[in-house]
Structure formats: structure tokens, C-alpha cells
Amino acid sequence: MGDIFLGPVVLGWHGSNWDGVFALGRWFDTGDFSAADPSSVGKGFQSTMWTLGGTFYPDSAKTWSISALARYEQNGKQDQTRITPGDGFSLEWGIGKQIGGGKQLGLVGYYQKQMTKDSGPGATDVKPSKNAVGLQFDYPMMEHGVILKFAGYHELSSDNGPKGNLFRMTLVKVF
């Protein structure tokens, strides 16, 4: 298991054709990290994450949605390397269409940018960014209180490192 996120502050607002959210949370350094292993499940540091987002429904039946979610992460020091990674900004977006039975299909994407320089011994001035576009399919199984989300992204640019494809599956459990 990787790092654990605790989000004790989540505020939502809802209008007739829009929803909004603000959240504040903390990533805890609970996953295994090794500076020598790029596939480590943990990051080796803690972060505070601020989130602000919204969804607009252009039709009264809310079968179409346009959404954006911005996150800003303020990173702590990585004990193993003594480097404090620069703060990061992420913007996720999507345009979705309900296709029956609560299922949704959509065009999705993201933009990520390191906003401040790393600091500490051996830190670099590089502030990488990348962006991607893809498809997402949401499959609700509300009789079990579960929503499965599948997404595939193709990275269009990555100015400091490899670019490729990203596949994601998310399990949401409603309590």
C-alpha cells in the first residue's frame, strides 16, 4: 500500500446546474520509499493538498457535464534524500455524457506543473510539466454501493522525462 491521504475538510455547494467543491487534506508518508527504486509505492515525504473544483451541467436533465478540478500540493522534506520537492499544481478536466443506467463516458485530461524549485543538497532547478488527454468510463453498481471508474490517457507532452500512456482504475465505495 502506498501513502495514505486524509481529507478532513471537504465542503460542497450545489446549484440547479452546477456543483462546487473545496477540500484540504494531508498526504502521510506511509508507503515504502527507496531513492534507488523509481517504482517505490511511497513518495518519502508528506504533503498538504488544497483542492478547488466544479462541474457545470449545460442541460436541465444533467446528461452532459463539464468539470475541472485544481489541486496545489505543498511538499515536505524527503528524509532519505534531504530534498524538499517543489510544490506541484494539477488541473484535471472532463466532458462527460450519461449513457444510461448511471453509466458515463467522457473525454478527460490533465495538466501538471512543478511550481517551485526543489531545495536541499543536490536539488535541481528543473520544474517539469506534462499534459495528457484520454477517455473515462464510469460504471456504477449502486446495489453494492460501488462505482468503478476506468480511464486511459495518452501523454501529449512531458518536458522532463518520458511520456507514454497511463491507465487507471478507481474503486469508489459509498458509505
# chains A, B, ... in the order shown; residues from 1 in each chain; ligands from 1

call {"tool": "residues_around", "arguments": {"residues": "Phe137 of chain A", "least_positions_apart": "2", "cutoff": "6 Å", "atoms": "only C-alpha atoms", "output": "list in words"}}
result
Gln104, Leu105, Lys149 and Phe150 of chain A

call {"tool": "write_last_selection", "arguments": {"atoms": "all heavy atoms", "output": "mmCIF file, in the first residue's frame"}}
result
data_model
loop_
_atom_site.group_PDB
_atom_site.id
_atom_site.type_symbol
_atom_site.label_atom_id
_atom_site.label_comp_id
_atom_site.auth_asym_id
_atom_site.auth_seq_id
_atom_site.Cartn_x
_atom_site.Cartn_y
_atom_site.Cartn_z
ATOM 1 N N GLN A 104 -21.401 6.563 -17.441
ATOM 2 C CA GLN A 104 -20.957 7.809 -18.053
ATOM 3 C C GLN A 104 -19.705 7.555 -18.862
ATOM 4 O O GLN A 104 -18.821 6.795 -18.457
ATOM 5 C CB GLN A 104 -20.688 8.859 -16.975
ATOM 6 C CG GLN A 104 -20.281 10.212 -17.543
ATOM 7 C CD GLN A 104 -20.282 11.298 -16.505
ATOM 8 O OE1 GLN A 104 -21.223 11.446 -15.750
ATOM 9 N NE2 GLN A 104 -19.222 12.078 -16.464
ATOM 10 N N LEU A 105 -19.614 8.206 -20.018
ATOM 11 C CA LEU A 105 -18.446 8.132 -20.889
ATOM 12 C C LEU A 105 -17.978 9.552 -21.133
ATOM 13 O O LEU A 105 -18.808 10.453 -21.336
ATOM 14 C CB LEU A 105 -18.816 7.458 -22.215
ATOM 15 C CG LEU A 105 -17.687 7.223 -23.212
ATOM 16 C CD1 LEU A 105 -16.643 6.263 -22.632
ATOM 17 C CD2 LEU A 105 -18.245 6.668 -24.511
ATOM 18 N N LYS A 149 -14.425 3.135 -11.980
ATOM 19 C CA LYS A 149 -14.047 4.142 -12.970
ATOM 20 C C LYS A 149 -12.797 3.649 -13.685
ATOM 21 O O LYS A 149 -11.809 3.295 -13.040
ATOM 22 C CB LYS A 149 -13.774 5.492 -12.307
ATOM 23 C CG LYS A 149 -14.978 6.072 -11.612
ATOM 24 C CD LYS A 149 -14.660 7.422 -11.000
ATOM 25 C CE LYS A 149 -15.911 8.020 -10.388
ATOM 26 N NZ LYS A 149 -15.857 9.467 -10.379
ATOM 27 N N PHE A 150 -12.850 3.644 -15.008
ATOM 28 C CA PHE A 150 -11.725 3.221 -15.838
ATOM 29 C C PHE A 150 -11.320 4.390 -16.726
ATOM 30 O O PHE A 150 -12.187 5.048 -17.309
ATOM 31 C CB PHE A 150 -12.121 2.043 -16.730
ATOM 32 C CG PHE A 150 -12.674 0.869 -15.978
ATOM 33 C CD1 PHE A 150 -14.035 0.748 -15.756
ATOM 34 C CD2 PHE A 150 -11.829 -0.112 -15.485
ATOM 35 C CE1 PHE A 150 -14.563 -0.333 -15.067
ATOM 36 C CE2 PHE A 150 -12.349 -1.194 -14.787
ATOM 37 C CZ PHE A 150 -13.708 -1.300 -14.576
#

call {"tool": "atom_distance", "arguments": {"atom1": "atom CA of Gly44 of chain A", "atom2": "atom CA of Gly164 of chain A"}}
result
24.4 Å

call {"tool": "closest_residue", "arguments": {"among": "A:Asn160, A:Ile4, A:Tyr57, A:Trp18", "to": "Gly31 of chain A", "atoms": "only C-alpha atoms"}}
result
A:Ile4

call {"tool": "residues_around", "arguments": {"residues": "Ser129 of chain A", "least_positions_apart": "3", "cutoff": "10 Å", "atoms": "only C-alpha atoms", "output": "PyMOL selection string"}}
result
chain A and resi 88-90+111-115+126+157-161

call {"tool": "residues_around", "arguments": {"residues": "Phe28 of chain A", "least_positions_apart": "3", "cutoff": "8 Å", "atoms": "only C-alpha atoms", "output": "CSV table (one decimal) with N, CA, C and O atoms, in the first residue's frame"}}
result
chain,number,residue,atom,x,y,z
A,3,ASP,N,1.2,5.7,0.1
A,3,ASP,CA,0.9,6.8,1.0
A,3,ASP,C,-0.6,6.9,1.3
A,3,ASP,O,-1.4,6.7,0.3
A,4,ILE,N,-0.9,7.3,2.5
A,4,ILE,CA,-2.3,7.5,2.8
A,4,ILE,C,-2.7,8.9,2.8
A,4,ILE,O,-1.9,9.8,3.3
A,5,PHE,N,-3.9,9.2,2.3
A,5,PHE,CA,-4.4,10.6,2.2
A,5,PHE,C,-5.6,10.7,3.2
A,5,PHE,O,-6.5,9.9,3.2
A,6,LEU,N,-5.5,11.8,4.0
A,6,LEU,CA,-6.6,12.1,5.0
A,6,LEU,C,-7.2,13.5,4.6
A,6,LEU,O,-6.4,14.4,4.6
A,45,PHE,N,7.8,11.6,1.6
A,45,PHE,CA,7.6,12.8,2.2
A,45,PHE,C,6.1,13.1,2.4
A,45,PHE,O,5.3,12.4,1.8
A,46,GLN,N,5.8,14.0,3.2
A,46,GLN,CA,4.4,14.4,3.5
A,46,GLN,C,4.0,15.6,2.6
A,46,GLN,O,4.9,16.4,2.3
A,47,SER,N,2.7,15.8,2.3
A,47,SER,CA,2.3,17.0,1.6
A,47,SER,C,0.9,17.5,2.1
A,47,SER,O,0.1,16.7,2.6

call {"tool": "closest_residue", "arguments": {"among": "A:Met49, A:Ala23, A:Val172, A:Val108", "to": "Ile66 of chain A", "atoms": "only C-alpha atoms"}}
result
A:Val108

call {"tool": "select_by_dssp", "arguments": {"residues": "chain A", "states": "strand (DSSP E or B)", "output": "PyMOL selection string"}}
result
chain A and resi 4-14+18-28+47-56+64-75+78+83-84+88-100+103-114+119+129-141+146-158+165-173

call {"tool": "residues_around", "arguments": {"residues": "Ala123 of chain A", "least_positions_apart": "4", "cutoff": "7 Å", "atoms": "only C-alpha atoms", "output": "PyMOL selection string"}}
result
chain A and resi 83+118-119

call {"tool": "write_last_selection", "arguments": {"atoms": "all heavy atoms", "output": "PDB file, in the first residue's frame"}}
result
ATOM      1  N   ILE A  83      15.994  16.233   0.330  1.00  0.00           N
ATOM      2  CA  ILE A  83      15.493  17.183  -0.663  1.00  0.00           C
ATOM      3  C   ILE A  83      14.021  17.456  -0.384  1.00  0.00           C
ATOM      4  O   ILE A  83      13.259  16.544  -0.068  1.00  0.00           O
ATOM      5  CB  ILE A  83      15.671  16.635  -2.100  1.00  0.00           C
ATOM      6  CG1 ILE A  83      17.165  16.579  -2.459  1.00  0.00           C
ATOM      7  CG2 ILE A  83      14.889  17.461  -3.115  1.00  0.00           C
ATOM      8  CD1 ILE A  83      17.449  15.968  -3.812  1.00  0.00           C
ATOM      9  N   ASP A 118      12.942  22.545  -6.395  1.00  0.00           N
ATOM     10  CA  ASP A 118      13.347  21.661  -5.310  1.00  0.00           C
ATOM     11  C   ASP A 118      14.395  22.389  -4.475  1.00  0.00           C
ATOM     12  O   ASP A 118      15.100  23.270  -4.973  1.00  0.00           O
ATOM     13  CB  ASP A 118      13.969  20.368  -5.852  1.00  0.00           C
ATOM     14  CG  ASP A 118      13.001  19.514  -6.653  1.00  0.00           C
ATOM     15  OD1 ASP A 118      11.784  19.787  -6.633  1.00  0.00           O
ATOM     16  OD2 ASP A 118      13.468  18.559  -7.307  1.00  0.00           O
ATOM     17  N   SER A 119      14.519  22.005  -3.209  1.00  0.00           N
ATOM     18  CA  SER A 119      15.571  22.578  -2.368  1.00  0.00           C
ATOM     19  C   SER A 119      16.249  21.469  -1.582  1.00  0.00           C
ATOM     20  O   SER A 119      15.671  20.412  -1.364  1.00  0.00           O
ATOM     21  CB  SER A 119      14.989  23.639  -1.421  1.00  0.00           C
ATOM     22  OG  SER A 119      14.063  23.047  -0.535  1.00  0.00           O
TER      23      SER A 119
END

call {"tool": "atom_distance", "arguments": {"atom1": "atom CA of Gln80 of chain A", "atom2": "atom CA of Gly25 of chain A"}}
result
23.5 Å
